[in-house]
Each structure stands twice: as C-alpha cells, then as structure tokens.
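Okay, protein.csv now, which holds CSV, C-alpha atoms and all ligand atoms:
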```
chain,number,residue,atom,x,y,z
A,1214,MET,CA,92.6,84.8,132.6
A,1215,ASN,CA,94.3,88.0,131.6
A,1216,GLN,CA,95.2,90.3,134.5
A,1217,PRO,CA,95.6,93.9,133.2
A,1218,SER,CA,98.7,95.4,134.6
A,1219,PRO,CA,98.0,99.0,135.8
A,1220,ASP,CA,101.6,100.1,134.9
A,1221,ARG,CA,101.9,98.6,131.4
A,1222,TYR,CA,100.9,101.8,129.5
A,1223,ALA,CA,102.0,104.3,132.2
A,1224,ARG,CA,104.7,106.0,130.2
A,1225,GLN,CA,102.5,106.3,127.1
A,1226,ARG,CA,99.7,107.9,129.2
A,1227,GLN,CA,102.2,110.3,130.7
A,1228,PHE,CA,102.8,111.6,127.2
A,1229,ALA,CA,100.3,114.5,127.4
A,1230,ARG,CA,99.2,114.3,123.7
A,1231,ILE,CA,98.0,110.7,124.4
A,1232,GLY,CA,96.9,110.8,128.1
A,1233,HIS,CA,94.1,108.6,129.5
A,1234,ASP,CA,91.7,109.4,126.7
A,1235,GLY,CA,94.2,108.7,123.9
A,1236,GLN,CA,95.3,105.4,125.5
A,1237,HIS,CA,91.6,104.3,125.9
A,1238,ARG,CA,91.1,105.0,122.1
A,1239,ILE,CA,94.3,103.0,121.3
A,1240,GLU,CA,92.9,100.1,123.3
A,1241,GLN,CA,89.6,100.3,121.4
A,1242,SER,CA,91.3,100.3,118.0
A,1243,ASP,CA,91.5,97.5,115.4
A,1244,VAL,CA,94.6,97.8,113.2
A,1245,ALA,CA,95.5,95.5,110.2
A,1246,VAL,CA,99.2,95.0,109.4
A,1247,LEU,CA,99.4,94.0,105.8
A,1248,GLY,CA,102.6,92.1,105.2
A,1249,CYS,CA,104.7,90.7,108.0
A,1250,GLY,CA,108.2,91.3,106.8
A,1251,ALA,CA,110.8,94.0,107.6
A,1252,LEU,CA,108.2,96.7,108.1
A,1253,GLY,CA,105.3,94.6,109.4
A,1254,THR,CA,107.1,92.8,112.2
A,1255,VAL,CA,108.4,96.1,113.6
A,1256,ALA,CA,105.1,97.9,113.2
A,1257,ALA,CA,103.2,95.0,114.7
A,1258,GLU,CA,105.4,94.9,117.8
A,1259,LEU,CA,105.2,98.6,118.4
A,1260,LEU,CA,101.4,98.5,118.0
A,1261,CYS,CA,101.1,95.5,120.3
A,1262,ARG,CA,103.3,97.1,123.0
A,1263,ALA,CA,101.2,100.3,122.7
A,1264,GLY,CA,98.1,98.3,123.5
A,1265,VAL,CA,96.1,98.4,120.3
A,1266,GLY,CA,93.0,96.3,121.1
A,1267,ARG,CA,93.0,94.0,118.0
A,1268,ILE,CA,95.7,93.5,115.5
A,1269,ARG,CA,95.3,91.5,112.3
A,1270,ILE,CA,98.5,90.2,110.8
A,1271,ILE,CA,98.2,89.4,107.1
A,1272,ASP,CA,100.9,87.6,105.2
A,1273,ARG,CA,101.2,84.7,102.6
A,1274,ASP,CA,104.8,83.7,103.2
A,1275,VAL,CA,106.8,81.5,105.6
A,1276,VAL,CA,109.9,82.5,107.6
A,1277,GLU,CA,113.2,82.1,105.7
A,1278,TRP,CA,116.7,82.5,107.0
A,1279,THR,CA,117.3,85.6,104.9
A,1280,ASN,CA,114.5,87.3,106.9
A,1281,LEU,CA,116.2,87.1,110.3
A,1282,GLN,CA,118.6,90.0,109.6
A,1283,ARG,CA,115.8,92.6,109.9
A,1284,GLN,CA,112.4,90.9,110.7
A,1285,SER,CA,112.4,91.3,114.4
A,1286,LEU,CA,109.7,88.9,115.6
A,1287,PHE,CA,111.3,85.8,114.1
A,1288,ASP,CA,114.1,83.5,115.3
A,1289,CYS,CA,116.2,80.5,114.2
A,1290,ASP,CA,113.5,78.0,115.2
A,1291,ASP,CA,110.9,79.8,113.0
A,1292,ALA,CA,113.3,79.7,110.0
A,1293,ARG,CA,114.3,76.1,110.6
A,1294,ALA,CA,110.6,75.0,110.8
A,1295,GLY,CA,109.5,77.3,107.9
A,1296,VAL,CA,106.4,78.4,109.8
A,1297,SER,CA,104.0,80.9,108.4
A,1298,LYS,CA,105.0,84.5,109.2
A,1299,ALA,CA,101.5,85.4,110.4
A,1300,ASP,CA,101.4,82.5,112.9
A,1301,ALA,CA,104.9,83.0,114.1
A,1302,ALA,CA,104.4,86.7,114.6
A,1303,CYS,CA,101.2,86.3,116.5
A,1304,ARG,CA,102.8,83.7,118.8
A,1305,ARG,CA,105.6,86.0,119.6
A,1306,LEU,CA,103.3,89.0,120.1
A,1307,ARG,CA,101.1,87.1,122.6
A,1308,GLN,CA,104.3,86.7,124.7
A,1309,ILE,CA,104.8,90.4,124.5
A,1310,ASN,CA,101.3,91.5,125.4
A,1311,ASP,CA,98.5,89.0,126.1
A,1312,LEU,CA,95.9,91.8,126.4
A,1313,VAL,CA,95.9,92.3,122.7
A,1314,GLU,CA,93.6,90.2,120.5
A,1315,LEU,CA,95.8,88.9,117.6
A,1316,VAL,CA,94.4,87.5,114.4
A,1317,PRO,CA,96.7,85.8,111.9
A,1318,GLU,CA,95.6,85.6,108.3
A,1319,VAL,CA,97.8,83.4,106.1
A,1320,ILE,CA,96.4,84.6,102.8
A,1321,ASP,CA,97.3,86.1,99.5
A,1322,LEU,CA,95.3,89.4,99.6
A,1323,ASN,CA,93.4,90.1,96.4
A,1324,ALA,CA,90.2,91.8,95.2
A,1325,GLY,CA,88.2,88.7,96.0
A,1326,ASN,CA,89.0,88.6,99.7
A,1327,ILE,CA,90.1,92.1,100.8
A,1328,GLU,CA,86.5,93.0,101.9
A,1329,ARG,CA,86.4,90.1,104.3
A,1330,VAL,CA,90.1,90.4,105.5
A,1331,LEU,CA,90.0,94.1,106.2
A,1332,SER,CA,86.3,94.6,107.1
A,1333,GLY,CA,85.8,96.7,110.2
A,1334,THR,CA,89.4,97.7,110.7
A,1335,ASP,CA,90.2,101.3,111.8
A,1336,LEU,CA,93.5,101.6,110.0
A,1337,VAL,CA,95.8,99.6,107.8
A,1338,ILE,CA,99.6,99.6,107.9
A,1339,ASP,CA,101.0,99.0,104.4
A,1340,ALA,CA,104.0,96.8,105.0
A,1341,THR,CA,103.8,95.1,101.6
A,1342,ASP,CA,106.4,94.7,99.0
A,1343,ASN,CA,104.5,95.4,95.8
A,1344,PHE,CA,102.5,98.1,94.0
A,1345,PRO,CA,99.4,96.1,92.8
A,1346,ILE,CA,98.5,95.4,96.5
A,1347,ARG,CA,99.0,99.1,97.4
A,1348,PHE,CA,96.7,100.1,94.5
A,1349,LEU,CA,94.2,97.6,95.7
A,1350,VAL,CA,94.4,98.9,99.3
A,1351,ASN,CA,94.2,102.5,98.0
A,1352,ASP,CA,90.9,101.6,96.2
A,1353,TRP,CA,89.5,99.8,99.2
A,1354,ALA,CA,90.5,102.6,101.6
A,1355,LEU,CA,88.8,105.2,99.5
A,1356,SER,CA,85.7,103.1,99.0
A,1357,THR,CA,85.3,102.5,102.8
A,1358,GLY,CA,86.8,105.8,104.1
A,1359,THR,CA,89.5,103.9,106.0
A,1360,ALA,CA,92.9,105.3,106.8
A,1361,TRP,CA,96.1,103.5,105.8
A,1362,VAL,CA,99.8,104.3,106.3
A,1363,HIS,CA,101.9,103.7,103.3
A,1364,GLY,CA,105.5,102.7,104.0
A,1365,GLY,CA,108.2,101.4,101.7
A,1366,CYS,CA,111.9,100.7,102.1
A,1367,VAL,CA,114.6,99.3,99.8
A,1368,GLY,CA,118.4,99.5,100.3
A,1369,ALA,CA,118.8,102.3,102.9
A,1370,ALA,CA,116.0,104.6,101.8
A,1371,GLY,CA,112.3,104.7,102.4
A,1372,GLN,CA,109.2,106.8,102.6
A,1373,VAL,CA,106.0,107.2,104.7
A,1374,ARG,CA,102.7,108.8,104.4
A,1375,LEU,CA,99.2,108.3,105.9
A,1376,PHE,CA,96.3,108.5,103.5
A,1377,ASP,CA,93.1,109.1,105.4
A,1378,GLY,CA,90.7,107.3,103.0
A,1379,SER,CA,88.5,110.4,102.5
A,1380,ALA,CA,88.8,112.7,99.5
A,1381,GLY,CA,92.3,112.9,97.9
A,1382,PRO,CA,95.1,113.1,97.7
A,1383,CYS,CA,95.6,109.4,97.6
A,1384,PHE,CA,98.4,107.0,96.8
A,1385,ARG,CA,97.6,107.1,93.1
A,1386,CYS,CA,98.1,110.9,93.1
A,1387,LEU,CA,101.7,110.0,94.1
A,1388,VAL,CA,102.1,106.9,91.9
A,1389,PRO,CA,99.5,107.2,89.1
A,1390,ASP,CA,100.2,103.9,87.3
A,1391,LEU,CA,101.9,100.6,88.1
A,1392,PRO,CA,105.6,100.6,87.4
A,1393,PRO,CA,106.5,98.1,84.7
A,1394,PRO,CA,107.8,94.8,86.1
A,1395,GLY,CA,111.6,94.6,86.5
A,1396,ILE,CA,112.1,98.4,86.8
A,1397,ILE,CA,111.8,98.9,90.6
A,1398,ASP,CA,114.5,97.7,92.9
A,1399,THR,CA,113.2,95.2,95.6
A,1400,CYS,CA,114.8,94.1,98.8
A,1401,ASP,CA,115.6,90.8,97.2
A,1402,THR,CA,117.5,92.3,94.2
A,1403,ALA,CA,119.0,95.5,95.8
A,1404,GLY,CA,119.2,94.4,99.4
A,1405,VAL,CA,118.1,96.3,102.5
A,1406,ILE,CA,119.5,97.2,105.9
A,1407,GLY,CA,117.6,96.5,109.0
A,1408,SER,CA,118.1,99.9,110.7
A,1409,ALA,CA,116.4,101.6,107.8
A,1410,THR,CA,113.4,99.3,107.8
A,1411,HIS,CA,113.1,99.7,111.6
A,1412,ALA,CA,113.1,103.5,111.2
A,1413,ILE,CA,110.5,103.5,108.5
A,1414,ALA,CA,108.2,101.2,110.4
A,1415,SER,CA,108.6,103.4,113.5
A,1416,LEU,CA,107.5,106.4,111.5
A,1417,GLN,CA,104.5,104.5,110.1
A,1418,VAL,CA,103.4,103.6,113.7
A,1419,THR,CA,103.9,107.1,114.9
A,1420,GLU,CA,101.4,108.4,112.3
A,1421,ALA,CA,99.1,105.5,113.1
A,1422,ILE,CA,99.1,106.2,116.8
A,1423,LYS,CA,98.4,109.9,116.1
A,1424,TRP,CA,95.4,108.8,114.0
A,1425,ILE,CA,93.9,106.3,116.4
A,1426,SER,CA,94.5,108.3,119.6
A,1427,ALA,CA,92.5,111.3,118.2
A,1428,ASN,CA,95.5,113.4,117.4
A,1429,ARG,CA,94.8,113.7,113.7
A,1430,GLN,CA,95.8,117.3,113.5
A,1431,PHE,CA,99.4,116.1,114.0
A,1432,VAL,CA,99.4,113.7,111.1
A,1433,SER,CA,101.8,114.9,108.3
A,1434,ASP,CA,100.2,115.8,105.0
A,1435,GLN,CA,103.6,115.4,103.2
A,1436,VAL,CA,105.4,112.3,102.0
A,1437,LEU,CA,108.4,111.9,104.3
A,1438,ALA,CA,111.3,110.3,102.3
A,1439,ILE,CA,114.6,109.5,104.0
A,1440,ASP,CA,117.8,108.2,102.6
A,1441,PHE,CA,119.5,107.0,105.7
A,1442,TRP,CA,122.9,106.3,104.0
A,1443,ASN,CA,123.3,109.7,102.4
A,1444,ASN,CA,121.7,111.6,105.2
A,1445,LYS,CA,119.0,113.1,103.1
A,1446,ILE,CA,115.5,113.9,104.3
A,1447,ARG,CA,112.8,115.2,101.9
A,1448,GLN,CA,109.3,116.2,102.6
A,1449,ILE,CA,107.2,116.1,99.5
A,1450,ASP,CA,104.0,118.1,99.1
A,1451,LEU,CA,101.1,116.1,97.9
A,1452,THR,CA,98.1,118.4,97.2
A,1453,PRO,CA,94.9,117.5,95.4
A,1454,SER,CA,95.7,120.2,92.7
A,1455,LEU,CA,98.7,118.1,91.6
A,1456,SER,CA,96.4,115.3,90.3
A,1457,PRO,CA,93.0,116.9,89.4
A,1458,HIS,CA,92.0,113.8,87.4
A,1459,CYS,CA,93.2,111.0,89.7
A,1460,ILE,CA,91.4,107.9,88.6
A,1461,ALA,CA,91.0,106.7,92.2
A,1462,CYS,CA,90.3,109.7,94.5
A,1463,VAL,CA,88.7,112.0,91.9
A,1464,GLN,CA,87.0,109.7,89.4
A,1465,ARG,CA,86.4,107.0,92.1
A,1466,ASN,CA,87.0,104.4,89.5
A,1467,PHE,CA,88.2,101.5,91.7
A,1468,GLU,CA,89.6,99.3,88.9
A,1469,PHE,CA,91.8,97.3,91.3
A,1470,LEU,CA,89.1,96.7,93.8
A,1471,ARG,CA,86.7,95.6,91.1
A,1472,GLY,CA,89.3,93.1,90.0
A,1473,ASP,CA,89.6,94.5,86.5
A,1474,LYS,CA,93.4,94.6,87.1
A,1475,PHE,CA,95.5,92.3,89.3
A,1476,ALA,CA,92.7,89.7,89.5
A,1477,ALA,CA,93.4,86.3,91.1
A,1478,GLY,CA,93.1,85.0,87.5
A,1479,ASP,CA,96.5,86.5,86.7
A,1480,ALA,CA,98.0,83.3,88.1
A,1481,ALA,CA,97.5,80.0,86.4
A,1482,MET,CA,98.8,76.5,86.9
A,1483,CYS,CA,101.3,75.8,84.1
A,1484,GLY,CA,102.0,72.2,83.7
A,1485,ARG,CA,103.1,70.0,86.6
A,1486,ASN,CA,104.5,71.8,89.6
A,1487,ALA,CA,104.7,75.2,87.9
A,1488,VAL,CA,102.7,78.5,88.2
A,1489,GLN,CA,102.5,81.2,85.6
A,1490,ILE,CA,102.1,84.8,86.8
A,1491,SER,CA,100.9,87.3,84.1
A,1492,PRO,CA,102.0,91.0,84.4
A,1493,PRO,CA,99.2,93.2,85.9
A,1494,GLN,CA,99.5,95.6,82.9
A,1495,GLN,CA,99.4,95.2,79.1
A,1496,GLY,CA,102.2,95.9,76.6
A,1497,VAL,CA,105.1,95.2,78.9
A,1498,SER,CA,108.6,94.8,77.5
A,1499,ILE,CA,111.2,93.5,79.9
A,1500,ASP,CA,114.9,94.4,79.5
A,1501,LEU,CA,116.1,90.9,80.0
A,1502,GLU,CA,119.8,91.8,80.1
A,1503,GLN,CA,119.2,94.3,82.8
A,1504,MET,CA,117.2,91.8,84.8
A,1505,ALA,CA,120.0,89.2,84.4
A,1506,GLY,CA,122.4,91.8,85.8
A,1507,ARG,CA,120.3,92.4,88.8
A,1508,TRP,CA,120.0,88.7,89.5
A,1509,GLN,CA,123.7,88.0,89.3
A,1510,ALA,CA,124.1,88.6,93.0
A,1511,VAL,CA,121.1,86.5,94.0
A,1512,GLY,CA,121.8,83.1,92.4
A,1513,SER,CA,122.6,81.2,89.3
A,1514,VAL,CA,121.3,83.0,86.2
A,1515,GLN,CA,120.6,81.6,82.7
A,1516,SER,CA,120.0,84.0,79.8
A,1517,THR,CA,118.7,83.4,76.3
A,1518,ARG,CA,117.3,85.8,73.7
A,1519,PHE,CA,113.8,84.9,74.9
A,1520,PHE,CA,114.0,84.6,78.6
A,1521,VAL,CA,116.1,85.0,81.7
A,1522,ARG,CA,116.0,82.4,84.5
A,1523,LEU,CA,117.0,82.6,88.1
A,1524,HIS,CA,117.7,79.3,90.0
A,1525,PHE,CA,116.9,79.3,93.7
A,1526,ASP,CA,117.9,75.7,94.2
A,1527,GLU,CA,118.0,72.5,92.2
A,1528,SER,CA,114.3,72.2,91.9
A,1529,THR,CA,113.0,75.8,92.0
A,1530,HIS,CA,113.5,78.5,89.4
A,1531,LEU,CA,111.9,81.6,88.0
A,1532,THR,CA,111.7,82.2,84.3
A,1533,LEU,CA,110.9,85.7,83.1
A,1534,PHE,CA,109.9,86.3,79.5
A,1535,ARG,CA,110.2,89.6,77.6
A,1536,ASP,CA,106.4,90.2,77.7
A,1537,GLY,CA,106.4,90.1,81.5
A,1538,ARG,CA,105.1,86.6,82.0
A,1539,ALA,CA,106.9,84.7,84.8
A,1540,VAL,CA,106.8,81.0,85.3
A,1541,VAL,CA,107.8,79.6,88.7
A,1542,GLN,CA,108.9,76.0,88.4
A,1543,GLY,CA,109.1,73.9,91.5
A,1544,THR,CA,105.8,74.8,93.3
A,1545,ASP,CA,102.1,74.5,92.7
A,1546,ASP,CA,101.4,77.1,95.4
A,1547,VAL,CA,100.1,80.2,93.6
A,1548,ALA,CA,100.7,82.5,96.7
A,1549,ARG,CA,104.4,81.3,96.9
A,1550,ALA,CA,104.8,81.8,93.1
A,1551,ARG,CA,103.4,85.3,93.3
A,1552,SER,CA,105.6,86.1,96.3
A,1553,LEU,CA,108.7,85.1,94.4
A,1554,VAL,CA,107.8,87.2,91.4
A,1555,ASP,CA,107.0,90.2,93.6
A,1556,ARG,CA,110.3,89.8,95.4
A,1557,PHE,CA,112.6,89.1,92.6
A,1558,VAL,CA,111.0,90.8,89.5
A,1559,GLY,CA,109.3,93.6,91.4
A,1560,THR,CA,105.8,94.7,90.5
B,1601,ZN,ZN,94.3,110.3,94.1
```
Let me see the file written as structure tokens.
Amino acid sequence: MNQPSPDRYARQRQFARIGHDGQHRIEQSDVAVLGCGALGTVAAELLCRAGVGRIRIIDRDVVEWTNLQRQSLFDCDDARAGVSKADAACRRLRQINDLVELVPEVIDLNAGNIERVLSGTDLVIDATDNFPIRFLVNDWALSTGTAWVHGGCVGAAGQVRLFDGSAGPCFRCLVPDLPPPGIIDTCDTAGVIGSATHAIASLQVTEAIKWISANRQFVSDQVLAIDFWNNKIRQIDLTPSLSPHCIACVQRNFEFLRGDKFAAGDAAMCGRNAVQISPPQQGVSIDLEQMAGRWQAVGSVQSTRFFVRLHFDESTHLTLFRDGRAVVQGTDDVARARSLVDRFVGT
C-alpha cells in the first residue's frame, strides 16, 4: 500500500509558479517518454521525482555497456544481463517514487501502433535518435492536438523546443524533409558527452513541467540550441510565416502517420538471420567513402565499390549500399536491426 509522503513535493510546491494547484495538475498528468537513452532516462527520472501521475517509457533496445556513461537509470547489472531499457528504467523509477504509475512499452514505434501506444497521453518527450520517428510523432501530435517536446543532442550540442500540437509552427517547419541517410552525425558515430545530454533533457522537462502545470505562457516559442563545448547559445525564431506551405501543420497531410512513408514494411527478412532496412526516402545516394571514414572509430570496416560494411563482432555486421539499403547480418529481430541502422547510419 502506497503511503503518500506529505513532504515529498514540498520544495516544488513552494516554487510560486507551481504551487498547490500546479503540483496537483502535475500529479494528474500522463506523460510519454519516447526513447529511453541519454535524454529519456534523465527526463523520466526528473518527471518521476516531480510526481507526474503516469509515465509511459517507450523503447525497443536493451541496455548495453556503452550506455552507462550517460544513461543515468542503468547500472552494471542491467548491462550484464542485457535487460530491456523500458523494463530496467521502470524498475529503477519505482524505487525512486512508488506513487507514480509506470508503464514500460518494449516496442518499435511506427504508424501501425502509435495510436495505441500514445493514446490519452498529455505530452510526449521526444528522446528518440532519428528523424522518421520525429516526423511520425509530429503528424500524430498535430492530428490529436497533443503537445510534445523535441530534444536532440549529439557530441556536445543539442536543441529543445516544445510543439503544442495545435496550428503551426511544427517540427516540419523546422526540418521540412528527412535528411538523407548517412548525412547526420549520431551519438554512435560522432560520440556524445553525458553532461550535454543531461542538460538538454533538463531543458525538455522544464518546458514539459510548464505545460502540464498550467504555466503555458512561460513556454518558449523559440528553438533553444546550445553548443556546450564552444559556449554558444542560440535562440532561433520559428514563426508560421517561415513555412506557409508546411505539409504537416498547414496542409495537414500526415504522410508519416498514414504510413505512406516509414512504414513497418520498410524492413524485411533477408535470408537467414539477416534483416534488410530500406531508406525511408527515394533516390538516395550514399557517399560510401565518407561513411567508411565515420565508422573507422567505431569498429572494423570493410569497403568495396558497392558497399561499406561495419563489423560489430564476429557474427554481427551492418552492410550499407549506395542506394541507402542496409542489411544487418546476425539478427532476425527487426527492431534491433532498425536500431543499429538508426544509430550507425543515421536517419
Ligand atoms: Zn509545420
């Protein structure tokens, strides 16, 4: 039986902008944390300690040793056992605050399941590592009028902005089209420092708390972009007039939510113990030499005129072709294959 502690949220209530009313609203809220990595673990912990009533943790991956440098809810036992991130996070969060209802979802989010997984949530924290998912969430948020807080961080730089799910501007006013595969740095190719991801996740949660505690007038309408290494802070205006024809918030053409793009069918079993992931966009041309250069620091790389291959271990490798197709050998798990492509190719 849970025994509410009268003192648990005292300091948060004392903060006048939240007060008793704001705290009550926080405790009535349902927040989904999408992705339980560097941003998601920190965001989930802050939301849990703040007393959000229900938190859904959505992630398809298992805990790996390379996660521990920055993903604060996990420990050596989790990495050794290779437990799912969503389950490990919820177990730890229950120890932190057993008043919160925690819902783990070990799932590869896509157009076919987003309705069920996010239905009824008040706000989504974007702690993902790829653009197709963000485009999908953007469509879903606009179609349901749900707020979400975009966050991204690679290296020592990141950015944050809350999109309220009503009329624009939306995420596609900021990023109109999917970047081609292999162009964007990822944490797995360019590295990342834990202090930067903690800071970006904290900024996301600050915007989220403003939103759910009825302090919406304090939510920033600019993209806050910070380069922590070079000490640069930029606030980027994002007004509807910048994208008068936005396909998502103006035309309300939700191509990612319909599954026209980035459908589950983009992944296919490819022979025995291999999965092929097609690029979400047509006409892709990968610079294989550049990709090979990025992978040099990651593992053993094999290059030919036709493909570049990254070996993770003796049995698992990722082969990337010039047209953007990727084949992950050594698994028949589509979610794991997709995760490796997102992390090491970047989509
Ligand atoms: Zn838009």
Find the residues around Ile1449 in chain A up to 8 Å (all atoms listed in the file counted), leave out those fewer than 6 positions away in its own chain, and share them as number ranges by chain.
-> A: 1435-1438
Between CA of Arg1347 in chain A and CA of Val1558 in chain A, what is the spacing in Å?
->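 About the pair CA of Val1558 in chain A and CA of Arg1347 in chain A: they are 16.6 Å apart.
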Can you list every residue of chain A that has an atom at most 10 Å from ligand ZN 1601 (chain B), with its nearest atom pair and the distance in Å to one decimal, using all atoms listed in the file, ordered by chain then number, as a Markdown table?
```
| residue | atom | partner | partner_atom | distance |
| --- | --- | --- | --- | --- |
| A:Asn1351 | CA | B:ZN1601 | ZN | 8.7 |
| A:Asp1352 | CA | B:ZN1601 | ZN | 9.6 |
| A:Leu1355 | CA | B:ZN1601 | ZN | 9.2 |
| A:Phe1376 | CA | B:ZN1601 | ZN | 9.8 |
| A:Ala1380 | CA | B:ZN1601 | ZN | 8.1 |
| A:Gly1381 | CA | B:ZN1601 | ZN | 5.0 |
| A:Pro1382 | CA | B:ZN1601 | ZN | 4.6 |
| A:Cys1383 | CA | B:ZN1601 | ZN | 3.8 |
| A:Phe1384 | CA | B:ZN1601 | ZN | 5.9 |
| A:Arg1385 | CA | B:ZN1601 | ZN | 4.7 |
| A:Cys1386 | CA | B:ZN1601 | ZN | 4.0 |
| A:Leu1387 | CA | B:ZN1601 | ZN | 7.4 |
| A:Val1388 | CA | B:ZN1601 | ZN | 8.8 |
| A:Pro1389 | CA | B:ZN1601 | ZN | 7.9 |
| A:Leu1451 | CA | B:ZN1601 | ZN | 9.7 |
| A:Thr1452 | CA | B:ZN1601 | ZN | 9.5 |
| A:Pro1453 | CA | B:ZN1601 | ZN | 7.3 |
| A:Leu1455 | CA | B:ZN1601 | ZN | 9.3 |
| A:Ser1456 | CA | B:ZN1601 | ZN | 6.6 |
| A:Pro1457 | CA | B:ZN1601 | ZN | 8.2 |
| A:His1458 | CA | B:ZN1601 | ZN | 7.9 |
| A:Cys1459 | CA | B:ZN1601 | ZN | 4.6 |
| A:Ile1460 | CA | B:ZN1601 | ZN | 6.7 |
| A:Ala1461 | CA | B:ZN1601 | ZN | 5.2 |
| A:Cys1462 | CA | B:ZN1601 | ZN | 4.1 |
| A:Val1463 | CA | B:ZN1601 | ZN | 6.3 |
| A:Gln1464 | CA | B:ZN1601 | ZN | 8.7 |
| A:Arg1465 | CA | B:ZN1601 | ZN | 8.8 |
```
Might you pull out every residue within 10 Å of Ser1379 in chain A, with only C-alpha atoms counted and same-chain residues fewer than 6 positions away left off, and present them as an MDAnalysis selection string?
-> chainID A and resid 1354:1360 1462
Next, write the just-selected residues to a file, as an mmCIF file, in the coordinates of the input, keeping C-alpha atoms as the atom set.
```cif
data_model
loop_
_atom_site.group_PDB
_atom_site.id
_atom_site.type_symbol
_atom_site.label_atom_id
_atom_site.label_comp_id
_atom_site.auth_asym_id
_atom_site.auth_seq_id
_atom_site.Cartn_x
_atom_site.Cartn_y
_atom_site.Cartn_z
ATOM 1 C CA ALA A 1354 90.500 102.600 101.600
ATOM 2 C CA LEU A 1355 88.800 105.200 99.500
ATOM 3 C CA SER A 1356 85.700 103.100 99.000
ATOM 4 C CA THR A 1357 85.300 102.500 102.800
ATOM 5 C CA GLY A 1358 86.800 105.800 104.100
ATOM 6 C CA THR A 1359 89.500 103.900 106.000
ATOM 7 C CA ALA A 1360 92.900 105.300 106.800
ATOM 8 C CA CYS A 1462 90.300 109.700 94.500
#
```
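Distances here use only C-alpha atoms; by that measure, the residue among A:Val1521, A:Ala1427, A:Ala1505, A:Val1541 closest to His1233 in chain A is A:Ala1427.
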Please identify all polymer residues within 10 Å of Val1367 in chain A, counting all atoms listed in the file, omitting same-chain residues fewer than 2 positions from it, and present them as a list of chain:residue names.
-> A:Asp1342, A:Gly1365, A:Ala1369, A:Ala1370, A:Gly1371, A:Gln1372, A:Ile1397, A:Asp1398, A:Thr1399, A:Cys1400, A:Asp1401, A:Thr1402, A:Ala1403, A:Gly1404, A:Val1405, A:Ile1406, A:Ala1409, A:Thr1410, A:Asp1440
Would you please work out which residue, of A:Ile1499, A:Met1504, A:Ala1257, A:Ala1340, is nearest to Phe1557 in chain A when using all atoms listed in the file?
->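 Counting all atoms listed in the file, the residue closest to Phe1557 in chain A is A:Met1504.
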Minimum-distance residue to Ile1396 in chain A, chosen among A:Phe1228, A:Thr1279, A:Ser1498, A:Ser1433 (using all atoms listed in the file) =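 Checking each of A:Phe1228, A:Thr1279, A:Ser1498, A:Ser1433 against Ile1396 in chain A, counting all atoms listed in the file, the winner is A:Ser1498.
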Residue with smallest distance to Gly1364 in chain A - pool A:Ile1425, A:Ala1251, A:Ile1327, A:Leu1391, counting all atoms listed in the file |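 Looking only at the distances to Gly1364 in chain A, the closest residue turns out to be A:Ala1251.
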For Asn1343 in chain A, work out the shell of residues within 7 Å, counting all atoms listed in the file and skipping chain neighbours fewer than 2 positions away, then give it as a list in words.
->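 The residues satisfying every condition are Thr1341, Pro1345, Ile1346, Arg1347, Asp1555, Gly1559 and Thr1560 of chain A.
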Can you tell me how far CA of Arg1535 in chain A sits from CA of Gly1395 in chain A, in Å to one decimal?
->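 CA of Gly1395 in chain A lies 10.3 Å from CA of Arg1535 in chain A.
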Quick one: residues within 12 Å of Thr1419 in chain A, all atoms listed in the file counted, chain neighbours fewer than 4 positions away excluded, as a list in words?
->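 What passes the distance filter is Ile1231, Val1255, Ala1256, Leu1259, Leu1260, Ala1263, Ile1338, Val1362, Gly1364, Val1373, Arg1374, Leu1375, Ala1412, Ile1413, Ala1414, Ser1415, Lys1423, Trp1424, Ile1425, Ser1426, Asn1428, Arg1429, Phe1431, Val1432 and Ser1433 of chain A.
With all atoms listed in the file as the basis for measurement, A:Pro1394 is the residue among A:Ala1421, A:Leu1306, A:Arg1485, A:Pro1394 that approaches Gln1503 in chain A most closely.
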